[in-house]
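Notes to accompany the following structure.
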Amino acid sequence: MTPATYAVSDVHGHVAELRSVLSATGLTDAAGQWTGGRSTLWFLGDYIDRGPSGLAVIDLVIGLQAGAAAAGGRVGALLGNHEVQFLAAHRFGSEPVPALAPYSDWHSGWRAFGGRQTDLDGLQRHHLDWLTGLPALARHNEVLLMHSDTDRYLEFGATIDVVNIETARVLRSADVDDWVRLCDVLSSRRAFLNGKLDRVLTTYEVDQVVHGHSTLTKHFGLRSPSRPYRYADRRATAIDGGVFDGGALLLATL
Ligand SMILES: [Mn+2]
């Protein structure tokens, strides 16, 4: 296939839908092996929770990264808030965390937002290593790739590299307050509907952003979206079709 760059987000454990959308586009064969050649595919976070098998999604993405690299392509993956919640549930469990009120601890907070116990029970070392290595931000030409539609990434740094260094530090931190803050930042949304896009674009020196996290249905009010939604003078693109909520898993072309 002609090399191109794609993005998908918020798979949320829906591994069958992911396999289907990737094979329909020719990025993989029916068995889930990379057939995208020199194409690039970005995942914008939230692999797990709210769906049947987050770990199967992670294993599929890890396999695609190896397959793409061997073919001269690339599969990149960003950190979402659900990965932070999941890793925190693993690290802190039922230890009381007053800052999470009304939830008493990370495990119950994670469960309240769709955490699946089977994913936590099946978690292996290679999943942990992969999850804790995910960057928060990436760049494709003049496009900033991010999970959440928030300007609060700026709290972590004024360059993409500094943000990624800081979020990686938190993912290795034993300080629960660091985790609460990271989860809070990555859980915020709708900033680009509210005039907060300019500072993100100028600070990170990009022309536009592509994000997941806020569904086109609930958060952008679209009835049955079949393609990504461009807004804010076409400088922002939302790609979460809300597959966990009966919507579609959308593949965006960058
Ligand atoms: Mn999210």
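Numbering starts fresh at 1 for the residues of each chain in the structure tokens, the chains themselves are lettered A, B, ... in the order given, and ligands are numbered from 1 as they appear.
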Shell of 9 Å around ligand 1 (only C-alpha atoms and all ligand atoms), written as number ranges by chain: A: 9-10, 45-46, 80-83, 147-148, 186-189, 212-214
Could you pull the residues within 7 Å of Asn164 in chain A, counting only C-alpha atoms, minus those fewer than 3 positions along the same chain, as a tab-separated table (two decimals) with C-alpha atoms, in the first residue's frame?
```
chain	number	residue	atom	x	y	z
A	135	PRO	CA	5.06	9.15	25.83
A	136	ALA	CA	2.29	11.68	26.41
A	137	LEU	CA	2.86	13.76	23.28
A	160	ILE	CA	7.18	17.85	23.77
A	161	ASP	CA	10.39	16.27	25.08
A	167	THR	CA	5.21	12.16	32.60
A	168	ALA	CA	7.69	9.26	32.40
```
Close residues, Ala158 in chain A itself excluded, 9 Å, only C-alpha atoms, min 6 positions apart in chain, as a PyMOL selection string: chain A and resi 200+203-204
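Residues within 7 Å of Ala71 in chain A, counting only C-alpha atoms and excluding same-chain residues fewer than 2 positions away, are Gly37, Arg38, Gly67, Ala68, Ala69 and Gly73 of chain A.
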Output file for the selection above: C-alpha atoms, as a compact mmCIF listing (two decimals), in the first residue's frame:
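To be explicit, this is the file written out as selection_23.txt:
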```txt
# COMPACT_ATOMS: atom_id res chain seq x y z
CA GLY A 37 4.62 -1.47 4.66
CA ARG A 38 6.20 1.93 5.28
CA GLY A 67 5.89 -5.87 12.40
CA ALA A 68 5.86 -2.27 11.21
CA ALA A 69 9.48 -1.68 12.23
CA GLY A 73 6.97 1.51 8.82
```
For His126 in chain A, the nearest of the candidates A:Val97, A:Ala174, A:Ile62, A:Val143, counting only C-alpha atoms: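 Checking each candidate against His126 in chain A, we get A:Ile62 as the closest.
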For CA of Thr253 in chain A and CA of Phe192 in chain A, the interatomic separation in Å (one decimal): 20.4 Å
Of the listed residues A:Asp240, A:Glu155, A:Asp29, A:Asp49, that which approaches Thr118 in chain A most closely, counting only C-alpha atoms: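 Counting only C-alpha atoms, the residue closest to Thr118 in chain A is A:Asp49.
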DSSP strand (DSSP E or B) selection over range 1-143 of chain A, as a PyMOL selection string: chain A and resi 5-8+28+34+40-43+74-77+96+105+137-140+143
Which residue of A:Thr35, A:Gln85, A:Thr150, A:Ser23 approaches Ala66 in chain A most closely, using only C-alpha atoms: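 Counting only C-alpha atoms, the residue closest to Ala66 in chain A is A:Thr35.
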Distance query Trp179 in chain A at most 12 Å, only C-alpha atoms, self and fewer than 2 positions along chain excluded, as number ranges by chain: A: 81, 83-89, 91-92, 97, 99-100, 106, 166-177, 181-187
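Comparing the minimum interatomic distances between Val8 in chain A and each of A:Gly195, A:Gly157, A:Pro52, A:Pro228, counting only C-alpha atoms, we find that A:Pro228 sits nearest.
Closest approach to Arg116 in chain A among A:Leu64, A:Val206, A:Ile48, A:Leu154 is made by A:Ile48 (distances from only C-alpha atoms).
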Pick from A:Val209, A:Leu78, A:Ala252, A:Ala7 nearest to Leu131 in chain A, counting only C-alpha atoms: A:Leu78
